[in-house]
Every structure is written in C-alpha cells, then in structure tokens.
$ cat model_6.cif   # mmCIF, C-alpha atoms
data_structure
#
loop_
_atom_site.label_atom_id
_atom_site.label_comp_id
_atom_site.auth_asym_id
_atom_site.auth_seq_id
_atom_site.Cartn_x
_atom_site.Cartn_y
_atom_site.Cartn_z
CA MET A 12 138.96 176.51 91.55
CA THR A 13 137.40 176.66 94.94
CA SER A 14 137.16 180.10 96.44
CA PHE A 15 139.94 181.28 98.71
CA PHE A 16 138.66 181.57 102.24
CA ARG A 17 140.19 183.76 104.89
CA LEU A 18 142.19 182.01 107.59
CA VAL A 19 142.20 184.77 110.17
CA ALA A 20 139.93 183.25 112.79
CA SER A 21 140.56 184.97 116.13
CA ALA A 22 144.32 185.25 115.88
CA ALA A 23 144.28 187.14 119.17
CA LEU A 24 142.77 184.15 120.93
CA LEU A 25 144.43 181.20 119.21
CA THR A 26 148.11 180.47 118.91
CA PHE A 27 147.28 178.16 116.00
CA SER A 28 144.24 176.75 114.26
CA VAL A 29 143.65 173.02 113.84
CA LEU A 30 141.64 172.07 110.78
CA PRO A 31 140.37 168.51 110.21
CA ALA A 32 142.06 166.28 107.65
CA ALA A 33 139.90 164.77 104.92
CA HIS A 34 141.68 161.39 104.76
CA ALA A 35 142.50 160.65 108.38
CA GLY A 36 142.48 156.92 107.59
CA GLY A 37 145.34 157.22 105.12
CA ILE A 38 145.73 156.96 101.35
CA ALA A 39 145.67 153.53 99.73
CA GLY A 40 148.95 152.79 97.98
CA ALA A 41 150.79 155.70 99.57
CA PRO A 42 154.14 155.15 101.30
CA ALA A 43 154.36 155.20 105.09
CA PRO A 44 153.27 157.10 107.08
CA PHE A 45 150.65 158.41 104.62
CA ASP A 46 149.12 154.94 104.17
CA LYS A 47 147.92 155.18 107.78
CA GLY A 48 147.11 158.89 108.01
CA GLY A 49 147.35 161.24 110.97
CA VAL A 50 150.62 162.87 109.91
CA LYS A 51 151.15 166.18 111.70
CA VAL A 52 152.66 169.13 109.87
CA ALA A 53 153.00 172.74 111.02
CA LEU A 54 152.77 175.80 108.79
CA VAL A 55 154.57 178.64 110.55
CA SER A 56 154.11 182.00 108.84
CA TYR A 57 155.82 185.33 109.33
CA ILE A 58 153.11 187.29 107.51
CA SER A 59 149.48 186.18 107.21
CA ALA A 60 147.73 189.49 106.50
CA GLY A 61 146.81 190.18 102.88
CA ASP A 62 145.10 188.16 100.19
CA PHE A 63 148.29 186.52 98.90
CA PHE A 64 149.14 184.93 102.24
CA GLN A 65 145.56 183.90 102.94
CA ALA A 66 145.40 182.22 99.52
CA TYR A 67 148.78 180.55 100.15
CA GLN A 68 147.47 179.12 103.41
CA ALA A 69 144.24 178.00 101.72
CA GLY A 70 146.23 176.11 99.09
CA ALA A 71 148.41 174.53 101.75
CA GLN A 72 145.32 173.46 103.68
CA ALA A 73 143.66 171.98 100.59
CA GLN A 74 146.76 169.89 99.81
CA ALA A 75 147.08 168.84 103.43
CA ASP A 76 143.45 167.70 103.49
CA ALA A 77 143.98 165.67 100.32
CA LEU A 78 146.98 163.95 101.94
CA GLY A 79 145.30 163.27 105.26
CA ILE A 80 147.68 165.65 107.01
CA ASP A 81 146.73 167.21 110.32
CA LEU A 82 147.94 170.73 109.49
CA ARG A 83 148.64 173.12 112.35
CA VAL A 84 148.59 176.71 111.06
CA PHE A 85 150.46 179.26 113.13
CA PRO A 86 149.38 182.79 112.10
CA GLY A 87 152.13 185.25 111.31
CA ARG A 88 152.22 188.66 112.98
CA GLN A 89 155.44 190.05 111.48
CA ASP A 90 157.18 189.26 114.77
CA ALA A 91 160.49 187.39 114.50
CA ALA A 92 160.57 186.44 118.19
CA GLU A 93 157.04 185.05 118.01
CA GLN A 94 157.83 183.05 114.88
CA ARG A 95 160.79 181.47 116.72
CA GLU A 96 158.49 180.57 119.61
CA GLN A 97 155.93 179.08 117.22
CA ILE A 98 158.58 176.83 115.67
CA LEU A 99 159.50 175.61 119.15
CA GLN A 100 155.81 175.00 119.87
CA ALA A 101 155.53 172.99 116.66
CA ILE A 102 158.53 170.88 117.68
CA ASN A 103 156.93 170.22 121.08
CA LEU A 104 153.68 169.18 119.38
CA GLY A 105 155.55 166.30 117.78
CA VAL A 106 155.03 167.32 114.18
CA GLU A 107 156.79 165.37 111.46
CA GLY A 108 157.22 168.36 109.17
CA ILE A 109 157.38 172.15 109.38
CA VAL A 110 156.76 174.55 106.51
CA ILE A 111 158.23 178.00 107.20
CA ASP A 112 156.49 180.74 105.22
CA HIS A 113 158.72 183.84 105.00
CA GLY A 114 160.66 185.25 107.92
CA LEU A 115 164.05 186.69 108.81
CA PRO A 116 166.84 184.11 108.25
CA GLU A 117 169.05 185.47 111.02
CA SER A 118 166.37 184.77 113.64
CA LEU A 119 165.48 181.25 112.49
CA GLY A 120 168.72 179.30 112.05
CA ASP A 121 169.11 177.85 115.54
CA VAL A 122 165.47 176.87 116.10
CA VAL A 123 165.25 175.32 112.64
CA GLN A 124 168.37 173.31 113.46
CA GLN A 125 166.64 172.05 116.61
CA ALA A 126 163.82 170.74 114.42
CA LEU A 127 166.24 169.04 112.03
CA ASP A 128 168.14 167.48 114.95
CA LYS A 129 164.87 165.86 116.08
CA GLY A 130 164.31 164.36 112.63
CA ILE A 131 161.62 166.84 111.65
CA LYS A 132 161.53 167.65 107.95
CA VAL A 133 161.61 171.36 107.11
CA VAL A 134 160.54 173.22 103.96
CA ALA A 135 161.06 176.96 103.46
CA PHE A 136 158.98 179.25 101.26
CA ASP A 137 160.51 182.61 100.35
CA VAL A 138 162.98 182.62 103.22
CA ASN A 139 166.54 181.51 102.52
CA LEU A 140 167.62 179.25 105.37
CA ASP A 141 170.83 178.27 103.52
CA ASN A 142 170.72 174.61 104.53
CA PRO A 143 171.12 171.70 102.08
CA LYS A 144 168.58 169.68 104.09
CA ILE A 145 165.82 172.26 103.56
CA PRO A 146 164.05 172.48 100.19
CA GLN A 147 163.43 176.08 99.13
CA VAL A 148 160.09 176.86 97.46
CA GLU A 149 160.28 179.95 95.27
CA GLN A 150 158.06 181.83 92.87
CA SER A 151 160.97 182.47 90.47
CA ASP A 152 161.26 185.96 91.86
CA HIS A 153 163.81 186.96 89.23
CA GLU A 154 161.35 186.04 86.49
CA LEU A 155 158.50 187.83 88.28
CA ALA A 156 160.49 191.05 88.38
CA ARG A 157 161.78 190.69 84.84
CA LEU A 158 158.30 190.13 83.39
CA ALA A 159 156.95 193.24 85.12
CA LEU A 160 159.91 195.40 84.14
CA ASP A 161 159.89 194.22 80.53
CA GLN A 162 156.27 195.34 80.39
CA ALA A 163 157.24 198.70 81.87
CA VAL A 164 159.75 199.19 79.05
CA LYS A 165 157.22 198.06 76.46
CA GLU A 166 154.76 200.71 77.64
CA ASN A 167 157.12 203.53 78.65
CA GLY A 168 160.34 203.08 76.70
CA THR A 169 163.80 202.92 78.26
CA SER A 170 163.88 206.44 79.71
CA PHE A 171 161.61 207.41 82.59
CA LYS A 172 161.65 208.66 86.17
CA ALA A 173 160.76 205.88 88.60
CA GLY A 174 159.71 205.30 92.16
CA TYR A 175 160.73 201.99 93.70
CA VAL A 176 159.15 200.24 96.69
CA TYR A 177 161.52 197.90 98.51
CA VAL A 178 162.31 196.60 101.99
CA ALA A 179 165.56 194.66 102.42
CA GLY A 180 165.88 191.45 104.39
CA PHE A 181 163.02 189.48 102.82
CA ALA A 182 164.24 186.81 100.41
CA PRO A 183 161.65 187.36 97.64
CA LEU A 184 162.08 191.13 97.74
CA ASP A 185 165.86 190.81 97.77
CA ARG A 186 165.76 188.55 94.70
CA ARG A 187 163.43 190.97 92.91
CA ASN A 188 165.76 193.80 93.88
CA GLU A 189 168.64 192.04 92.13
CA VAL A 190 166.66 192.26 88.89
CA TRP A 191 165.80 195.92 89.50
CA ASP A 192 169.50 196.73 89.97
CA SER A 193 170.41 194.88 86.76
CA PHE A 194 167.53 196.53 84.92
CA ARG A 195 168.79 200.02 85.78
CA THR A 196 172.30 199.06 84.70
CA GLU A 197 170.93 197.90 81.36
CA ASN A 198 168.68 200.95 80.96
CA LYS A 199 170.66 204.07 81.81
CA GLY A 200 167.69 206.27 80.99
CA VAL A 201 165.70 204.88 83.91
CA VAL A 202 166.26 207.13 86.91
CA GLU A 203 165.30 205.97 90.39
CA LYS A 204 163.99 209.17 91.96
CA ALA A 205 162.91 207.66 95.27
CA ARG A 206 163.06 204.39 97.17
CA PHE A 207 160.64 203.69 100.01
CA GLY A 208 158.57 200.95 101.62
CA THR A 209 157.62 199.17 104.82
CA VAL A 210 156.39 195.72 105.82
CA ASN A 211 154.04 195.51 108.79
CA ASP A 212 150.48 194.45 109.59
CA THR A 213 149.12 197.41 107.58
CA THR A 214 151.64 197.41 104.73
CA ALA A 215 149.34 198.94 102.09
CA ILE A 216 148.25 201.83 104.31
CA ALA A 217 151.78 202.54 105.53
CA THR A 218 153.09 202.41 101.96
CA ALA A 219 150.34 204.79 100.84
CA ASP A 220 151.47 207.35 103.40
CA GLN A 221 155.06 207.09 102.22
CA ALA A 222 154.04 207.16 98.55
CA LYS A 223 152.07 210.37 99.01
CA ALA A 224 155.15 212.13 100.34
CA VAL A 225 157.34 210.70 97.56
CA LEU A 226 154.94 211.60 94.75
CA ARG A 227 154.44 215.13 96.07
CA ALA A 228 158.21 215.64 96.27
CA ASN A 229 158.86 214.05 92.85
CA PRO A 230 156.09 215.09 90.45
CA ASP A 231 158.15 213.84 87.49
CA ILE A 232 157.77 210.18 88.54
CA THR A 233 155.72 208.40 85.90
CA VAL A 234 156.47 204.74 86.72
CA VAL A 235 156.45 202.96 90.06
CA PHE A 236 157.91 199.47 90.42
CA ALA A 237 156.21 197.93 93.46
CA PRO A 238 157.18 194.22 93.41
CA TYR A 239 154.70 193.06 96.08
CA ASP A 240 150.95 193.52 95.70
CA GLU A 241 150.49 195.19 99.07
CA PHE A 242 153.07 197.78 97.98
CA ALA A 243 151.21 198.31 94.71
CA ARG A 244 147.89 198.70 96.51
CA GLY A 245 149.42 201.38 98.72
CA VAL A 246 150.90 203.32 95.77
CA LYS A 247 147.59 203.12 93.91
CA LEU A 248 145.77 204.49 96.95
CA ALA A 249 148.25 207.36 97.18
CA ALA A 250 148.01 208.23 93.47
CA THR A 251 144.22 208.17 93.62
CA ASP A 252 144.09 210.34 96.73
CA LEU A 253 146.48 212.84 95.14
CA GLY A 254 144.47 212.93 91.92
CA ILE A 255 147.39 211.83 89.75
CA ALA A 256 146.30 208.29 88.86
CA ASP A 257 146.16 209.31 85.19
CA ARG A 258 149.89 210.07 84.99
CA ILE A 259 151.36 207.20 87.04
CA LYS A 260 151.78 203.58 85.96
CA ILE A 261 152.33 200.88 88.59
CA TYR A 262 154.00 197.54 87.85
CA SER A 263 153.95 194.86 90.52
CA ALA A 264 154.30 191.19 91.46
CA ASP A 265 151.73 188.81 93.00
CA VAL A 266 147.98 188.71 92.47
CA SER A 267 144.71 188.08 94.30
CA THR A 268 141.03 188.60 93.57
CA ALA A 269 141.19 191.98 95.30
CA ASP A 270 144.21 192.89 93.15
CA ILE A 271 142.40 191.96 89.94
CA GLN A 272 139.51 194.19 90.92
CA GLU A 273 141.86 197.10 91.63
CA ILE A 274 143.85 196.58 88.43
CA THR A 275 140.80 196.42 86.17
CA GLU A 276 138.72 199.21 87.67
CA GLU A 277 138.20 202.35 85.60
CA GLY A 278 141.09 204.79 85.79
CA SER A 279 143.39 202.46 87.74
CA PRO A 280 147.11 203.29 87.49
CA TRP A 281 147.99 199.67 88.33
CA VAL A 282 148.61 198.39 84.81
CA ALA A 283 150.40 195.04 85.17
CA THR A 284 151.53 192.40 87.62
CA ALA A 285 153.56 189.22 87.30
CA ALA A 286 152.31 186.41 89.46
CA THR A 287 152.00 182.80 90.41
CA ASN A 288 148.88 181.32 91.94
CA PRO A 289 149.55 181.60 95.69
CA ALA A 290 147.31 178.61 96.41
CA VAL A 291 149.43 176.47 94.09
CA VAL A 292 152.59 177.67 95.87
CA GLY A 293 151.01 176.65 99.19
CA ALA A 294 150.17 173.22 97.80
CA VAL A 295 153.72 172.75 96.49
CA SER A 296 155.10 173.60 99.93
CA ILE A 297 153.00 170.86 101.55
CA ARG A 298 153.86 168.35 98.83
CA ALA A 299 157.57 168.99 99.40
CA ALA A 300 157.14 168.31 103.12
CA ALA A 301 155.15 165.15 102.42
CA LEU A 302 157.78 163.76 100.05
CA GLN A 303 160.48 164.33 102.65
CA ILE A 304 158.42 162.71 105.40
CA ALA A 305 157.89 159.70 103.11
CA GLY A 306 161.64 159.46 102.55
CA GLN A 307 161.39 160.32 98.87
CA PRO A 308 163.73 162.69 96.97
CA VAL A 309 162.91 166.39 96.72
CA ASP A 310 164.75 168.97 94.63
CA HIS A 311 166.52 171.54 96.78
CA THR A 312 165.00 174.41 94.81
CA LEU A 313 161.34 174.16 93.80
CA VAL A 314 160.29 176.91 91.42
CA VAL A 315 156.68 177.79 90.57
CA LYS A 316 156.65 179.64 87.24
CA PRO A 317 154.87 183.02 86.97
CA ALA A 318 152.77 184.67 84.28
CA LEU A 319 152.43 188.31 83.23
CA LEU A 320 148.94 189.72 83.77
CA THR A 321 148.22 193.08 82.15
CA GLN A 322 145.32 195.38 82.81
CA ALA A 323 144.33 195.30 79.13
CA GLU A 324 144.34 191.49 78.95
CA LEU A 325 142.40 191.06 82.18
CA ARG A 326 139.77 193.52 81.00
CA ALA A 327 139.53 191.95 77.54
CA ALA A 328 139.08 188.48 79.04
CA GLY A 329 136.51 189.73 81.56
CA VAL A 330 138.52 188.28 84.44
CA LYS A 331 137.32 189.52 87.80
CA THR A 332 138.50 186.82 90.22
CA ILE A 333 141.36 184.38 90.80
CA GLU A 334 138.90 181.57 90.02
CA GLU A 335 138.18 183.04 86.60
CA LEU A 336 141.87 183.64 86.01
CA ALA A 337 142.67 180.02 86.79
CA ALA A 338 139.88 178.80 84.50
CA LYS A 339 141.05 180.94 81.57
CA VAL A 340 144.80 180.46 82.12
CA PRO A 341 145.22 176.75 83.06
CA ALA A 342 148.98 177.11 83.59
CA PHE A 343 148.21 179.51 86.43
CA ASN A 344 146.40 176.72 88.26
CA ALA A 345 149.03 173.99 88.44
CA SER A 346 152.70 173.24 88.98
CA ASP A 347 154.81 170.17 88.30
CA ALA A 348 156.98 170.89 91.33
CA ALA A 349 157.13 168.27 94.10
CA LYS A 350 154.74 165.83 92.43
CA ALA A 351 154.38 162.08 92.90
CA ASP A 352 151.84 159.53 91.68
CA TRP A 353 150.51 158.94 95.20
CA ILE A 354 150.00 162.65 95.99
CA PRO A 355 146.59 164.07 94.99
CA ALA A 356 147.48 167.21 93.06
CA LYS A 357 144.29 168.49 91.40
CA LEU A 358 142.79 170.51 94.23
CA PHE A 359 141.30 173.71 92.87
#

$ encode --input "model_6.cif" --output "structure tokens"
Amino acid sequence: MTSFFRLVASAALLTFSVLPAAHAGGIAGAPAPFDKGGVKVALVSYISAGDFFQAYQAGAQAQADALGIDLRVFPGRQDAAEQREQILQAINLGVEGIVIDHGLPESLGDVVQQALDKGIKVVAFDVNLDNPKIPQVEQSDHELARLALDQAVKENGTSFKAGYVYVAGFAPLDRRNEVWDSFRTENKGVVEKARFGTVNDTTAIATADQAKAVLRANPDITVVFAPYDEFARGVKLAATDLGIADRIKIYSADVSTADIQEITEEGSPWVATAATNPAVVGAVSIRAAALQIAGQPVDHTLVVKPALLTQAELRAAGVKTIEELAAKVPAFNASDAAKADWIPAKLF
C-alpha cells in the first residue's frame, strides 16, 4: 500500500486543490465519458483535519487518478456555510459528479438538489442526504460500534462505569450511538457516568480538556467508549496527563498510522478499535460517482466492512503502520463495493 500523504497544502490560500489525472486520455474499453478522459469530479469535505480524513482523500485521489478523473478537492473546515458555498462552486466549475464527505444534512439539501437538477451525479459519505438518487457510502457504523463494544464486554464483563464521547448530528456518530443505546439496554450493569465531546478543527485537544474534567469528577470510570479516533486520542491524552492510564480502557472506531502507534505504545489505555481502511472508503466513493456518471447501476447503500483491531493483536503482529496492517490483513485493503470490470480497483 502506498503511503498516505497529507492533503493540507495551504488551505488558507486555496479554495481547492487540483491534482493531475494519470489517464487524461481515457481508459480503453471504458464506457463514455471515461473512454475519452477529462471527467471532472469534486470532493467536498466537511472535515479534513486528522489522519482518517487525509487517508480518505488520498484513497479518493488514487482512484480518481486511475480513472483519469480530474478531481477537485475542496478542504473541509467544519463550516456548514462554507461547505454549501463549495458545492455551489463545484456546480459552477461544470463537474459531472460531486462526492460529499460528511456534513450537516439540514444545511445541504437545497444546494445538493441544485446539483441534481443540473444532471450532476452526487455521492454521499457518512452524511445522510435522504435522497433515492444519492448513493450513501457507509463504514457499517453499527458493526463498527458493535465490534468495539463486544470487545469491551470481553475484557471488562457486563458491569462497569463508563464514559461516552458523542456529538449528535453527524450521521456516523448517530448510527454508532444507536448501538451504544442498545448495548446499555442489553447490559444493565453498564452505567454511563458521563457523556461529552466536541467536533472542531482541534477535536482531540478539545476532547482531552473535557475528558480531564470528566475523569476527575468520576474516578470510578474504568471504560471509555470513544467511537471516533480523534475522540479516543483526546481521552488517551487526558488519562496520560492525569496519571490514570493504567486504570482506564478506551475502545474506539477508525484507525490511522498515528492511531496504531498510540494504541501499541507501552502503557497505552487505548486497547481496541474497529475500523475500515479510510483509503478504501475514499476509493469506493469515487467508484460510485464514476458508475453513476457512466450511466451504470449503483446500490443505494454501499457498505465497507470493518475489522476489530486489538492492542494485543497489533503488538503480536508487529504492526506499526497502516501499510503493514493492510499487508497482514488483506481484507482491510479492499472492498467489493461499487466495482466494475472497467474500473481499476487495485490501488494500494
């Protein structure tokens, strides 16, 4: 797997970045317009900070290059008004497809409809736009949460005091929250002592500040469910700063090279995460857009299956990077979602 590069080049100066396509002349045997090349697609993000989102964008770019797509990447800044404006900019650029990566559904409906009205194909990743014309790419968030929570029970039993990190209004977090609610119903001995969280351009640091206050006020918390890796990083930082990393266990979702390093380091309280390969999710998002542009059928819901990654297993396998993880767990490095014979799919 090629290394994940950071796509944060001068966000303050550029509204979007334009990266060259590898097959500008088209793909032999591909349906129109991919037989000629030069197809324009926009990737409009709500969040781009953090390893997960950078890896997602890298995977999207790799798939776009393989398809000869001129991909316009609009960097997310956690600003709903700006994301709306970026979608309008993409429409005015004459793109044939738009991939929307996260966001707030209530702020996107009308501008997305403008795109659809102009014949632009739209794909949504982890934002529920509730439109039958828009394929929804998901990481199987219910399964992500269930895998992590099943591991929490395996290691801690069915009775423990828990902290829970959650921010409502984000589709993946809302789906993971549904599992948390069901989990507590099924396990009456699990007590949620505190709920906290924030999503901004410094999520891990802001979460760490909140977690310190929560853990000081609730010294009986022994498990924290933090179903987003930036949340988990913040809780780990708080537990380490407070000197209580040896009596807290953190269970999360998502993974990156930085996460693996933090999970496997000596004395880390971050003991498990359930994750898909974010680069594969990015590639699936672009493939879904390409199929639509080519007039070929696409499932409305495209699910990329996750895997459970425990601290013990990562250490035993000597995994230190996403590249090594993908090499040792081949299923982590591929997805059958949104595939076609004419679409190059082996990218990493």

$ residues_around --input "model_6.cif" --residues "Gly293 (chain A)" --least-positions-apart "2" --cutoff "6 Å" --atoms "only C-alpha atoms" --output "list in words"
Tyr67, Gly70, Ala71, Ala290, Val291, Val295 and Ser296 of chain A

$ residues_around --input "model_6.cif" --residues "Ala101 (chain A)" --least-positions-apart "3" --cutoff "9 Å" --atoms "only C-alpha atoms" --output "tab-separated table (two decimals) with C-alpha atoms, in the coordinates of the input"
chain	number	residue	atom	x	y	z
A	52	VAL	CA	152.66	169.13	109.87
A	53	ALA	CA	153.00	172.74	111.02
A	54	LEU	CA	152.77	175.80	108.79
A	55	VAL	CA	154.57	178.64	110.55
A	83	ARG	CA	148.64	173.12	112.35
A	85	PHE	CA	150.46	179.26	113.13
A	96	GLU	CA	158.49	180.57	119.61
A	97	GLN	CA	155.93	179.08	117.22
A	98	ILE	CA	158.58	176.83	115.67
A	104	LEU	CA	153.68	169.18	119.38
A	105	GLY	CA	155.55	166.30	117.78
A	106	VAL	CA	155.03	167.32	114.18
A	108	GLY	CA	157.22	168.36	109.17
A	109	ILE	CA	157.38	172.15	109.38
A	126	ALA	CA	163.82	170.74	114.42

$ resolve_selection --input "model_6.cif" --expression "the PyMOL selection byres ((chain A and resi 319) around 6)" --output "MDAnalysis selection string"
chainID A and resid 285 318 320

$ residues_near_point --input "model_6.cif" --point "(168.3, 200.9, 83.9)" --cutoff "12 Å" --atoms "all atoms listed in the file" --output "ChimeraX atom specification"
/A:160-161,163-164,168-173,190-203

$ closest_residue --input "model_6.cif" --among "A:Ser346, A:Gln74, A:Asn288, A:Ser56" --to "Ala264 (chain A)" --atoms "only C-alpha atoms"
A:Asn288

$ build_atoms --input "model_6.cif" --residues "region 85-96 of chain A" --atoms "all heavy atoms" --output "mmCIF file, in the coordinates of the input"
data_model
loop_
_atom_site.group_PDB
_atom_site.id
_atom_site.type_symbol
_atom_site.label_atom_id
_atom_site.label_comp_id
_atom_site.auth_asym_id
_atom_site.auth_seq_id
_atom_site.Cartn_x
_atom_site.Cartn_y
_atom_site.Cartn_z
ATOM 1 N N PHE A 85 150.077 178.226 112.188
ATOM 2 C CA PHE A 85 150.460 179.260 113.130
ATOM 3 C C PHE A 85 150.399 180.611 112.409
ATOM 4 O O PHE A 85 151.153 180.831 111.456
ATOM 5 C CB PHE A 85 151.875 179.041 113.658
ATOM 6 C CG PHE A 85 152.033 177.839 114.536
ATOM 7 C CD1 PHE A 85 152.030 176.562 113.990
ATOM 8 C CD2 PHE A 85 152.200 177.977 115.905
ATOM 9 C CE1 PHE A 85 152.195 175.444 114.804
ATOM 10 C CE2 PHE A 85 152.365 176.872 116.722
ATOM 11 C CZ PHE A 85 152.357 175.603 116.172
ATOM 12 N N PRO A 86 149.538 181.526 112.823
ATOM 13 C CA PRO A 86 149.380 182.790 112.100
ATOM 14 C C PRO A 86 150.569 183.715 112.302
ATOM 15 O O PRO A 86 151.080 183.870 113.405
ATOM 16 C CB PRO A 86 148.117 183.397 112.708
ATOM 17 C CG PRO A 86 148.062 182.826 114.096
ATOM 18 C CD PRO A 86 148.635 181.445 113.993
ATOM 19 N N GLY A 87 151.011 184.316 111.220
ATOM 20 C CA GLY A 87 152.130 185.250 111.310
ATOM 21 C C GLY A 87 151.679 186.627 111.758
ATOM 22 O O GLY A 87 150.601 187.079 111.419
ATOM 23 N N ARG A 88 152.528 187.293 112.519
ATOM 24 C CA ARG A 88 152.220 188.660 112.980
ATOM 25 C C ARG A 88 153.419 189.584 112.757
ATOM 26 O O ARG A 88 153.590 190.560 113.457
ATOM 27 C CB ARG A 88 151.831 188.650 114.461
ATOM 28 C CG ARG A 88 150.585 187.803 114.753
ATOM 29 C CD ARG A 88 150.124 187.983 116.201
ATOM 30 N NE ARG A 88 148.976 187.146 116.499
ATOM 31 C CZ ARG A 88 149.037 185.905 116.992
ATOM 32 N NH1 ARG A 88 150.218 185.362 117.235
ATOM 33 N NH2 ARG A 88 147.946 185.211 117.234
ATOM 34 N N GLN A 89 154.263 189.239 111.798
ATOM 35 C CA GLN A 89 155.440 190.050 111.480
ATOM 36 C C GLN A 89 156.325 190.241 112.713
ATOM 37 O O GLN A 89 156.915 191.300 112.922
ATOM 38 C CB GLN A 89 155.054 191.414 110.904
ATOM 39 C CG GLN A 89 154.250 191.358 109.626
ATOM 40 C CD GLN A 89 152.779 191.114 109.869
ATOM 41 O OE1 GLN A 89 152.179 191.728 110.743
ATOM 42 N NE2 GLN A 89 152.169 190.235 109.107
ATOM 43 N N ASP A 90 156.432 189.194 113.515
ATOM 44 C CA ASP A 90 157.180 189.260 114.770
ATOM 45 C C ASP A 90 158.186 188.107 114.769
ATOM 46 O O ASP A 90 157.804 186.941 114.904
ATOM 47 C CB ASP A 90 156.220 189.157 115.952
ATOM 48 C CG ASP A 90 156.910 189.347 117.298
ATOM 49 O OD1 ASP A 90 158.054 188.867 117.453
ATOM 50 O OD2 ASP A 90 156.302 189.954 118.197
ATOM 51 N N ALA A 91 159.473 188.424 114.610
ATOM 52 C CA ALA A 91 160.490 187.390 114.500
ATOM 53 C C ALA A 91 160.588 186.547 115.768
ATOM 54 O O ALA A 91 160.750 185.323 115.698
ATOM 55 C CB ALA A 91 161.851 188.029 114.201
ATOM 56 N N ALA A 92 160.481 187.182 116.923
ATOM 57 C CA ALA A 92 160.570 186.440 118.190
ATOM 58 C C ALA A 92 159.389 185.477 118.315
ATOM 59 O O ALA A 92 159.550 184.333 118.770
ATOM 60 C CB ALA A 92 160.588 187.408 119.366
ATOM 61 N N GLU A 93 158.211 185.916 117.914
ATOM 62 C CA GLU A 93 157.040 185.050 118.010
ATOM 63 C C GLU A 93 157.145 183.881 117.020
ATOM 64 O O GLU A 93 156.764 182.752 117.337
ATOM 65 C CB GLU A 93 155.758 185.838 117.743
ATOM 66 C CG GLU A 93 154.502 185.001 117.927
ATOM 67 C CD GLU A 93 153.231 185.823 117.971
ATOM 68 O OE1 GLU A 93 153.310 187.061 117.884
ATOM 69 O OE2 GLU A 93 152.157 185.227 118.117
ATOM 70 N N GLN A 94 157.681 184.138 115.837
ATOM 71 C CA GLN A 94 157.830 183.050 114.880
ATOM 72 C C GLN A 94 158.793 181.987 115.429
ATOM 73 O O GLN A 94 158.561 180.786 115.286
ATOM 74 C CB GLN A 94 158.336 183.568 113.539
ATOM 75 C CG GLN A 94 158.322 182.491 112.447
ATOM 76 C CD GLN A 94 158.815 182.992 111.116
ATOM 77 O OE1 GLN A 94 159.676 183.866 111.038
ATOM 78 N NE2 GLN A 94 158.286 182.443 110.031
ATOM 79 N N ARG A 95 159.867 182.419 116.074
ATOM 80 C CA ARG A 95 160.790 181.470 116.720
ATOM 81 C C ARG A 95 160.044 180.622 117.743
ATOM 82 O O ARG A 95 160.191 179.402 117.786
ATOM 83 C CB ARG A 95 161.921 182.226 117.418
ATOM 84 C CG ARG A 95 162.968 182.814 116.520
ATOM 85 C CD ARG A 95 163.946 183.668 117.340
ATOM 86 N NE ARG A 95 164.524 182.940 118.461
ATOM 87 C CZ ARG A 95 165.574 182.142 118.383
ATOM 88 N NH1 ARG A 95 166.174 181.961 117.214
ATOM 89 N NH2 ARG A 95 166.040 181.530 119.441
ATOM 90 N N GLU A 96 159.241 181.282 118.580
ATOM 91 C CA GLU A 96 158.490 180.570 119.610
ATOM 92 C C GLU A 96 157.508 179.581 118.995
ATOM 93 O O GLU A 96 157.316 178.475 119.510
ATOM 94 C CB GLU A 96 157.751 181.585 120.499
ATOM 95 C CG GLU A 96 156.927 180.959 121.616
ATOM 96 C CD GLU A 96 157.754 180.109 122.572
ATOM 97 O OE1 GLU A 96 158.944 180.418 122.787
ATOM 98 O OE2 GLU A 96 157.208 179.106 123.091
#
